$ cat upload-v8.csv   # CSV, C-alpha atoms and all ligand atoms
chain,number,residue,atom,x,y,z
C,12,MET,CA,81.5,139.3,109.0
C,13,LYS,CA,81.9,136.6,111.6
C,14,ILE,CA,84.1,133.6,111.7
C,15,GLU,CA,82.7,130.4,113.2
C,16,VAL,CA,85.2,128.6,115.4
C,17,TYR,CA,84.8,124.9,116.2
C,18,PHE,CA,87.1,123.5,118.8
C,19,SER,CA,87.9,120.0,120.0
C,20,VAL,CA,87.2,120.1,123.7
C,21,TYR,CA,88.8,116.7,124.4
C,22,HIS,CA,92.2,117.7,123.1
C,23,THR,CA,93.5,117.9,126.6
C,24,LEU,CA,93.1,114.1,126.9
C,25,HIS,CA,96.1,113.8,124.6
C,26,ASN,CA,99.0,114.8,126.8
C,27,PRO,CA,102.0,112.6,126.5
C,28,PRO,CA,104.8,113.2,129.1
C,29,PHE,CA,107.6,113.7,126.5
C,30,GLU,CA,108.7,113.0,123.0
C,31,LEU,CA,111.9,111.4,121.5
C,32,SER,CA,113.4,113.8,119.0
C,33,ARG,CA,116.9,113.4,117.5
C,34,GLY,CA,117.3,110.5,119.9
C,35,LYS,CA,116.7,112.6,123.0
C,36,GLN,CA,113.9,112.9,125.5
C,37,GLN,CA,112.3,116.3,125.0
C,38,GLU,CA,109.2,118.2,126.2
C,39,TYR,CA,106.2,117.4,124.1
C,40,PHE,CA,105.9,120.4,121.9
C,41,GLU,CA,102.5,119.5,120.5
C,42,ASN,CA,100.9,120.2,123.9
C,43,SER,CA,97.5,121.5,125.0
C,44,GLN,CA,98.8,124.9,125.9
C,45,ARG,CA,98.9,125.6,122.1
C,46,LEU,CA,95.2,125.4,121.7
C,47,LYS,CA,94.4,127.1,125.0
C,48,ASN,CA,96.6,130.0,123.8
C,49,ILE,CA,94.7,130.2,120.5
C,50,LEU,CA,91.3,130.1,122.1
C,51,LYS,CA,92.1,132.6,124.8
C,52,ILE,CA,93.0,135.2,122.1
C,53,LEU,CA,89.9,134.5,119.9
C,54,GLU,CA,87.6,134.6,122.9
C,55,GLN,CA,88.6,138.3,123.4
C,56,ASP,CA,86.7,139.3,120.3
C,57,PRO,CA,83.2,137.7,120.5
C,58,GLU,CA,82.0,140.1,117.9
C,59,VAL,CA,84.1,138.4,115.3
C,60,PHE,CA,84.6,134.9,116.6
C,61,GLU,CA,81.6,132.7,117.4
C,62,ILE,CA,83.1,129.8,119.3
C,63,HIS,CA,81.4,126.4,119.4
C,64,PRO,CA,82.8,123.6,121.5
C,65,ASN,CA,82.6,120.1,119.9
C,66,PHE,CA,82.1,117.2,122.3
C,67,SER,CA,81.5,114.5,119.7
C,68,THR,CA,83.9,111.8,118.7
C,69,ASN,CA,81.7,110.6,115.8
C,70,VAL,CA,83.4,110.6,112.4
C,71,PRO,CA,81.2,109.1,109.7
C,72,ASP,CA,83.1,107.9,106.6
C,73,ILE,CA,86.4,107.6,108.6
C,74,LYS,CA,87.0,104.3,106.9
C,75,GLU,CA,87.0,106.0,103.5
C,76,VAL,CA,90.1,107.9,104.6
C,77,HIS,CA,91.9,105.6,107.0
C,78,SER,CA,92.4,101.8,106.9
C,79,GLU,CA,90.5,99.5,109.1
C,80,LYS,CA,93.6,98.0,110.5
C,81,LEU,CA,95.0,101.4,111.6
C,82,LEU,CA,91.7,102.1,113.4
C,83,LYS,CA,91.6,98.7,115.0
C,84,PHE,CA,95.2,99.2,116.2
C,85,TYR,CA,94.2,102.6,117.8
C,86,ALA,CA,91.2,101.0,119.5
C,87,GLU,CA,93.3,98.1,120.9
C,88,ILE,CA,96.2,100.0,122.1
C,89,SER,CA,93.9,102.5,123.9
C,90,LYS,CA,92.4,99.6,125.8
C,91,TYR,CA,95.8,98.1,126.6
C,92,LEU,CA,97.3,101.3,128.1
C,93,SER,CA,96.5,102.4,131.6
C,94,ASP,CA,95.8,106.0,132.6
C,95,ASP,CA,99.3,107.5,132.9
C,96,ASP,CA,101.0,105.1,130.6
C,97,TYR,CA,102.4,106.1,127.2
C,98,HIS,CA,103.7,104.1,124.2
C,99,ILE,CA,106.4,104.9,121.7
C,100,PRO,CA,107.3,102.4,119.1
C,101,ASP,CA,110.9,101.2,119.0
C,102,THR,CA,111.0,99.0,115.9
C,103,PHE,CA,109.7,100.2,112.6
C,104,ALA,CA,108.5,98.1,109.7
C,105,VAL,CA,110.1,98.9,106.3
C,106,PRO,CA,107.5,99.6,103.7
C,107,LYS,CA,107.3,96.2,102.1
C,108,ILE,CA,106.8,94.1,105.2
C,109,SER,CA,103.1,93.3,105.5
C,110,LEU,CA,102.8,91.0,108.5
C,111,LEU,CA,101.2,92.4,111.6
C,112,PRO,CA,102.6,91.3,115.0
C,113,GLU,CA,100.0,89.8,117.3
C,114,ASP,CA,101.3,91.7,120.4
C,115,ILE,CA,99.7,95.1,120.5
C,116,THR,CA,102.8,96.7,122.0
C,117,LYS,CA,104.9,95.5,119.1
C,118,ARG,CA,102.4,96.5,116.4
C,119,SER,CA,102.9,100.3,116.5
C,120,GLY,CA,106.1,100.2,114.4
C,121,TYR,CA,104.0,98.9,111.5
C,122,PHE,CA,102.0,102.1,111.4
C,123,CYS,CA,104.2,104.8,112.8
C,124,PHE,CA,107.1,106.5,111.0
C,125,ASP,CA,108.8,108.5,113.7
C,126,SER,CA,109.6,108.4,117.4
C,127,ALA,CA,107.9,111.7,118.3
C,128,THR,CA,104.3,110.6,118.3
C,129,PRO,CA,103.5,108.8,121.5
C,130,ILE,CA,100.2,107.1,122.2
C,131,THR,CA,98.4,107.3,125.5
C,132,ARG,CA,95.1,105.8,126.6
C,133,ARG,CA,93.1,108.8,125.5
C,134,THR,CA,95.0,109.7,122.3
C,135,PHE,CA,92.5,108.0,120.0
C,136,SER,CA,89.6,109.7,121.7
C,137,ALA,CA,91.2,113.1,121.4
C,138,SER,CA,92.1,112.4,117.8
C,139,LEU,CA,88.5,111.3,117.0
C,140,ASN,CA,87.2,114.4,118.7
C,141,ALA,CA,89.5,116.6,116.5
C,142,ALA,CA,88.5,114.8,113.4
C,143,SER,CA,84.8,115.0,114.3
C,144,THR,CA,85.3,118.8,114.9
C,145,VAL,CA,86.7,119.2,111.4
C,146,VAL,CA,83.9,117.2,109.8
C,147,LYS,CA,81.3,119.3,111.6
C,148,ALA,CA,83.0,122.4,110.4
C,149,ALA,CA,83.1,121.1,106.8
C,150,ARG,CA,79.4,120.4,107.0
C,151,LYS,CA,78.9,124.0,108.0
C,152,ILE,CA,80.6,125.2,104.8
C,153,LEU,CA,78.2,123.0,102.8
C,154,THR,CA,75.1,124.6,104.3
C,155,ASP,CA,76.4,128.1,104.1
C,156,LYS,CA,79.0,128.8,101.4
C,157,ASN,CA,79.6,132.4,102.6
C,158,LYS,CA,80.9,131.1,105.8
C,159,ILE,CA,84.5,131.1,106.9
C,160,VAL,CA,84.9,128.3,109.5
C,161,TYR,CA,88.0,127.7,111.6
C,162,ALA,CA,88.6,124.3,113.2
C,163,ALA,CA,90.7,124.9,116.3
C,164,VAL,CA,91.9,121.3,116.9
C,165,ARG,CA,94.7,119.2,118.1
C,166,PRO,CA,96.3,116.7,117.7
C,167,PRO,CA,97.1,118.0,114.2
C,168,GLY,CA,96.6,115.7,111.2
C,169,HIS,CA,98.5,116.4,108.0
C,170,HIS,CA,101.3,113.8,108.6
C,171,ALA,CA,98.8,111.0,109.1
C,172,GLY,CA,98.3,108.8,106.0
C,173,LYS,CA,95.6,106.2,105.2
C,174,ASP,CA,97.5,103.5,107.0
C,175,TYR,CA,100.1,105.3,109.1
C,176,PHE,CA,100.8,108.0,111.7
C,177,GLY,CA,103.7,110.2,112.8
C,178,GLY,CA,104.7,113.8,113.2
C,179,TYR,CA,102.3,114.4,116.1
C,180,CYS,CA,99.4,113.3,113.9
C,181,TYR,CA,97.1,110.2,114.2
C,182,LEU,CA,94.1,111.0,112.1
C,183,ASN,CA,94.2,113.3,109.1
C,184,ASN,CA,91.7,116.0,110.0
C,185,SER,CA,92.0,118.1,106.8
C,186,ALA,CA,91.7,115.0,104.7
C,187,LEU,CA,88.5,114.0,106.5
C,188,GLY,CA,87.1,117.5,105.9
C,189,ALA,CA,88.1,117.3,102.3
C,190,HIS,CA,86.5,114.0,101.9
C,191,VAL,CA,83.2,115.5,103.0
C,192,LEU,CA,83.5,118.5,100.7
C,193,SER,CA,84.7,116.5,97.7
C,194,LYS,CA,81.3,114.8,97.5
C,195,LYS,CA,79.8,118.2,96.6
C,196,GLY,CA,82.5,119.7,94.5
C,197,ARG,CA,86.2,120.0,93.7
C,198,VAL,CA,88.4,120.8,96.7
C,199,ALA,CA,91.8,122.4,97.0
C,200,ILE,CA,93.8,121.9,100.2
C,201,LEU,CA,96.4,124.6,100.7
C,202,ASP,CA,98.9,123.4,103.3
C,203,ILE,CA,101.0,126.3,104.7
C,204,ASP,CA,102.5,124.5,107.7
C,205,TYR,CA,106.3,124.6,107.9
C,206,HIS,CA,106.4,120.8,107.3
C,207,HIS,CA,105.2,119.0,104.2
C,208,GLY,CA,101.8,117.4,104.6
C,209,ASN,CA,102.8,114.0,103.5
C,210,GLY,CA,99.7,112.2,104.8
C,211,THR,CA,97.3,114.5,103.0
C,212,GLN,CA,99.4,114.1,99.9
C,213,GLU,CA,99.2,110.3,100.1
C,214,ILE,CA,95.5,110.2,100.7
C,215,PHE,CA,94.6,112.2,97.6
C,216,TYR,CA,97.6,111.2,95.4
C,217,ASP,CA,95.6,109.5,92.7
C,218,SER,CA,92.5,111.8,93.0
C,219,ASP,CA,91.5,114.6,90.7
C,220,ARG,CA,88.7,115.7,93.1
C,221,VAL,CA,91.2,117.1,95.6
C,222,PHE,CA,94.1,119.4,94.6
C,223,PHE,CA,96.8,119.3,97.2
C,224,VAL,CA,99.1,122.2,97.3
C,225,SER,CA,101.8,122.5,100.0
C,226,LEU,CA,104.4,125.1,100.8
C,227,HIS,CA,107.0,123.8,103.1
C,228,ALA,CA,110.7,123.7,104.1
C,229,ASN,CA,113.0,121.7,102.0
C,230,PRO,CA,112.7,118.0,102.9
C,231,ALA,CA,116.3,117.5,102.2
C,232,TYR,CA,116.8,118.8,105.8
C,233,ALA,CA,113.3,119.3,107.2
C,234,PHE,CA,110.9,116.7,108.6
C,235,PRO,CA,109.3,114.5,107.1
C,236,TYR,CA,112.4,114.1,104.9
C,237,PHE,CA,111.0,111.4,102.7
C,238,TRP,CA,108.2,113.4,101.0
C,239,GLY,CA,107.6,116.9,99.7
C,240,TYR,CA,109.7,117.2,96.6
C,241,PRO,CA,108.4,119.1,93.5
C,242,GLU,CA,108.7,115.9,91.5
C,243,GLU,CA,105.7,114.5,93.4
C,244,ILE,CA,102.9,115.6,91.1
C,245,GLY,CA,100.3,112.9,91.7
C,246,GLU,CA,99.5,109.8,89.7
C,247,GLY,CA,96.8,108.2,87.5
C,248,PRO,CA,93.8,110.5,87.4
C,249,GLY,CA,95.6,112.6,90.1
C,250,GLU,CA,98.5,113.5,87.9
C,251,GLY,CA,98.8,117.3,88.0
C,252,TRP,CA,96.7,117.4,91.2
C,253,ASN,CA,99.6,117.5,93.7
C,254,LEU,CA,101.9,120.5,93.9
C,255,ASN,CA,104.9,120.8,96.3
C,256,ILE,CA,106.5,124.2,96.6
C,257,VAL,CA,109.8,124.1,98.5
C,258,LEU,CA,111.2,127.0,100.6
C,259,GLU,CA,114.5,127.2,102.5
C,260,ASP,CA,114.9,127.9,106.2
C,261,ASP,CA,116.1,131.4,105.4
C,262,ALA,CA,112.8,132.3,103.7
C,263,ASP,CA,111.6,135.8,104.8
C,264,ASN,CA,108.2,137.4,104.5
C,265,ARG,CA,108.9,138.4,100.9
C,266,ALA,CA,110.2,135.1,99.7
C,267,TYR,CA,107.2,133.4,101.4
C,268,LEU,CA,104.6,135.7,99.8
C,269,GLN,CA,106.1,135.2,96.4
C,270,LYS,CA,105.8,131.4,96.6
C,271,LEU,CA,102.4,131.7,98.1
C,272,GLY,CA,101.5,133.7,95.0
C,273,TYR,CA,102.5,130.7,92.8
C,274,ALA,CA,100.3,128.4,94.9
C,275,LEU,CA,97.3,130.7,94.7
C,276,ASP,CA,97.8,131.0,90.9
C,277,ALA,CA,97.8,127.2,90.5
C,278,ILE,CA,94.6,126.9,92.6
C,279,SER,CA,92.9,129.7,90.6
C,280,LYS,CA,93.7,127.9,87.3
C,281,LYS,CA,91.7,124.9,88.4
C,282,ASP,CA,88.0,124.7,88.7
C,283,ILE,CA,87.8,124.6,92.5
C,284,ASP,CA,84.6,124.8,94.6
C,285,TYR,CA,85.9,124.6,98.2
C,286,LEU,CA,89.2,125.5,99.9
C,287,ILE,CA,90.7,123.9,102.9
C,288,ILE,CA,93.7,125.6,104.6
C,289,SER,CA,96.0,123.4,106.6
C,290,LEU,CA,97.1,126.3,108.8
C,291,GLY,CA,100.4,125.8,110.5
C,292,VAL,CA,102.0,128.8,112.0
C,293,ASP,CA,105.3,127.0,112.7
C,294,THR,CA,106.9,129.1,109.9
C,295,LEU,CA,107.4,131.8,112.5
C,296,PHE,CA,111.0,132.7,113.1
C,297,SER,CA,110.8,131.8,116.8
C,298,ASP,CA,109.1,128.4,116.4
C,299,PRO,CA,111.0,125.7,118.4
C,300,VAL,CA,110.0,122.9,116.0
C,301,GLY,CA,109.9,124.6,112.6
C,302,GLY,CA,110.8,128.2,111.9
C,303,MET,CA,111.7,130.1,108.7
C,304,MET,CA,112.3,133.8,109.1
C,305,LEU,CA,108.6,134.9,109.0
C,306,THR,CA,107.3,137.6,111.5
C,307,GLU,CA,103.9,137.5,113.0
C,308,HIS,CA,102.5,140.2,110.8
C,309,ILE,CA,102.9,138.2,107.7
C,310,PHE,CA,100.1,135.9,108.7
C,311,GLU,CA,97.6,138.7,108.2
C,312,GLU,CA,99.0,139.3,104.7
C,313,MET,CA,98.8,135.6,103.9
C,314,GLY,CA,95.1,135.5,105.0
C,315,ARG,CA,94.3,138.5,102.9
C,316,GLU,CA,96.0,137.0,99.8
C,317,ILE,CA,94.3,133.7,100.2
C,318,SER,CA,90.9,135.2,100.8
C,319,LYS,CA,91.1,136.7,97.3
C,320,LEU,CA,90.4,133.3,95.9
C,321,LYS,CA,86.8,134.0,97.1
C,322,LEU,CA,86.1,130.4,97.9
C,323,PRO,CA,84.1,128.9,100.7
C,324,THR,CA,86.9,128.1,103.1
C,325,LEU,CA,87.5,125.8,106.0
C,326,ILE,CA,90.6,126.6,108.0
C,327,VAL,CA,92.1,123.7,110.0
C,328,GLN,CA,94.8,124.1,112.6
C,329,GLU,CA,98.0,122.1,112.1
C,330,GLY,CA,101.3,123.1,113.7
C,331,GLY,CA,102.6,126.2,115.6
C,332,TYR,CA,104.7,125.6,118.7
C,333,ASP,CA,105.8,129.0,120.0
C,334,LEU,CA,103.4,129.1,122.9
C,335,THR,CA,103.7,132.8,123.4
C,336,GLN,CA,103.0,133.6,119.7
C,337,VAL,CA,100.7,130.9,118.3
C,338,GLY,CA,97.5,132.6,119.2
C,339,LYS,CA,98.6,135.9,117.8
C,340,CYS,CA,99.7,134.3,114.5
C,341,VAL,CA,96.4,132.6,114.1
C,342,LEU,CA,94.5,135.7,115.0
C,343,ASN,CA,96.5,137.7,112.5
C,344,PHE,CA,95.8,135.1,109.8
C,345,LEU,CA,92.0,135.1,110.5
C,346,THR,CA,91.9,138.9,110.7
C,347,GLY,CA,93.6,139.1,107.3
C,348,PHE,CA,91.2,136.6,105.9
C,349,LEU,CA,88.3,138.8,106.9
C,350,GLY,CA,90.0,141.7,105.1
C,401,LIG,C1,104.2,118.4,113.0
C,401,LIG,B1,103.5,119.5,112.2
C,401,LIG,C2,113.1,116.7,113.9
C,401,LIG,C3,111.9,116.2,114.7
C,401,LIG,C4,110.6,116.6,114.1
C,401,LIG,C5,108.3,116.1,114.3
C,401,LIG,C6,107.7,117.4,113.8
C,401,LIG,C7,106.3,117.3,113.5
C,401,LIG,C8,105.6,118.5,113.1
C,401,LIG,N1,114.3,116.1,114.4
C,401,LIG,N2,109.6,116.2,114.9
C,401,LIG,O1,103.7,119.5,110.8
C,401,LIG,O2,103.7,120.8,112.7
C,402,ZN,ZN,104.5,121.7,111.1
$ encode --input "upload-v8.csv" --output "structure tokens"
Amino acid sequence: MKIEVYFSVYHTLHNPPFELSRGKQQEYFENSQRLKNILKILEQDPEVFEIHPNFSTNVPDIKEVHSEKLLKFYAEISKYLSDDDYHIPDTFAVPKISLLPEDITKRSGYFCFDSATPITRRTFSASLNAASTVVKAARKILTDKNKIVYAAVRPPGHHAGKDYFGGYCYLNNSALGAHVLSKKGRVAILDIDYHHGNGTQEIFYDSDRVFFVSLHANPAYAFPYFWGYPEEIGEGPGEGWNLNIVLEDDADNRAYLQKLGYALDAISKKDIDYLIISLGVDTLFSDPVGGMMLTEHIFEEMGREISKLKLPTLIVQEGGYDLTQVGKCVLNFLTGFLG
């Protein structure tokens, strides 16, 4: 069997010079080398990986996932910034404040929840290209349910909410894919990135069309800190359709597989038609941003276990920052998935 790979060719347009993390100027970990590393490895096996570049930035239905004012903000700040400029908000709105500053350079703190997510002139274009790639990949799943499709995209998406951005994420790629699939059936999003997918959780929090299941490091000490606790179970019709499974930083392969088992059990107990995997490989022991105690081989096992759900599956790239290992981890996961 083949895996179709769609990739966002314009990802290199988003290339901020640095990030502010823990109050310090650092290299930008979510850089274009990540995706280049992944593609370079997948290209080596054309028998298995059928790679399609996506040049489109068209995302129909984007307004059903993101607010108009967030999109307008992105469009305006893109125009405001010159070519090698970058923008990092310095003043953040507390949740209940609803006024929007006129000045575009002061408005970012209304939408952004951290200091590690800079905006450059081409950030919005790159993000639209990533989102468009995932939507295209989702459509492929609809036309051929036997397909496994992998969307090799950046910037990632799972921290971006309806009306906010942060954690290297601007548009929620997986949520946009889920939105497409949810029109034709029930969807489960399994988020195995090291970090909790707070944006995806928020977007489908009151929905019983999309079951969000996330395995992640304890938010008591791991980003994004304010979300990701097991008590967050969804609300209204979505109650029981949000599942947070917390792991500790010392989690090894065994501990991880055990909790993955709970997640897969929960998914198999619901009547799900389509699966989306938010694939972060930043659970690897050597990851400079995340990092539990997982070794690269475990990703193959994870893929194999998840494939037993036997669902049409769209795999969407999220985190993974060890530049020497990210491609190998993704390859292992996809190989495991093929069985
Ligand atoms: C994005 B994804 C901690 C800084 C954390 C942001 C991490 C974003 C991860 N002091 N910086 O989920 O891989
Ligand atoms: Zn992550």
$ atom_distance --input "upload-v8.csv" --atom1 "CA of Arg220 (chain C)" --atom2 "CA of Ala149 (chain C)"
15.8 Å
$ residues_around --input "upload-v8.csv" --residues "Asp261 (chain C)" --least-positions-apart "5" --cutoff "12 Å" --atoms "only C-alpha atoms" --output "PyMOL selection string"
chain C and resi 228-229+266-267+294-296+301-305
$ closest_residue --input "upload-v8.csv" --among "C:Ile88, C:Ala171, C:Leu322, C:Val145" --to "Tyr17 (chain C)" --atoms "only C-alpha atoms"
C:Val145
$ closest_residue --input "upload-v8.csv" --among "C:Ile309, C:Ala127, C:Ala262, C:Ile62" --to "ligand LIG 401 (chain C)" --atoms "all atoms listed in the file"
C:Ala127
$ closest_residue --input "upload-v8.csv" --among "C:Leu24, C:Ser218, C:Ser19, C:Thr335" --to "Gly247 (chain C)" --atoms "only C-alpha atoms"
C:Ser218
$ residues_near_ligand --input "upload-v8.csv" --ligand "ligand LIG 401 (chain C)" --cutoff "8 Å" --atoms "all atoms listed in the file" --output "MDAnalysis selection string"
chainID C and resid 32:33 41 125 127:128 167:170 177:180 204:208 233:235 291 293 300:301 329:332
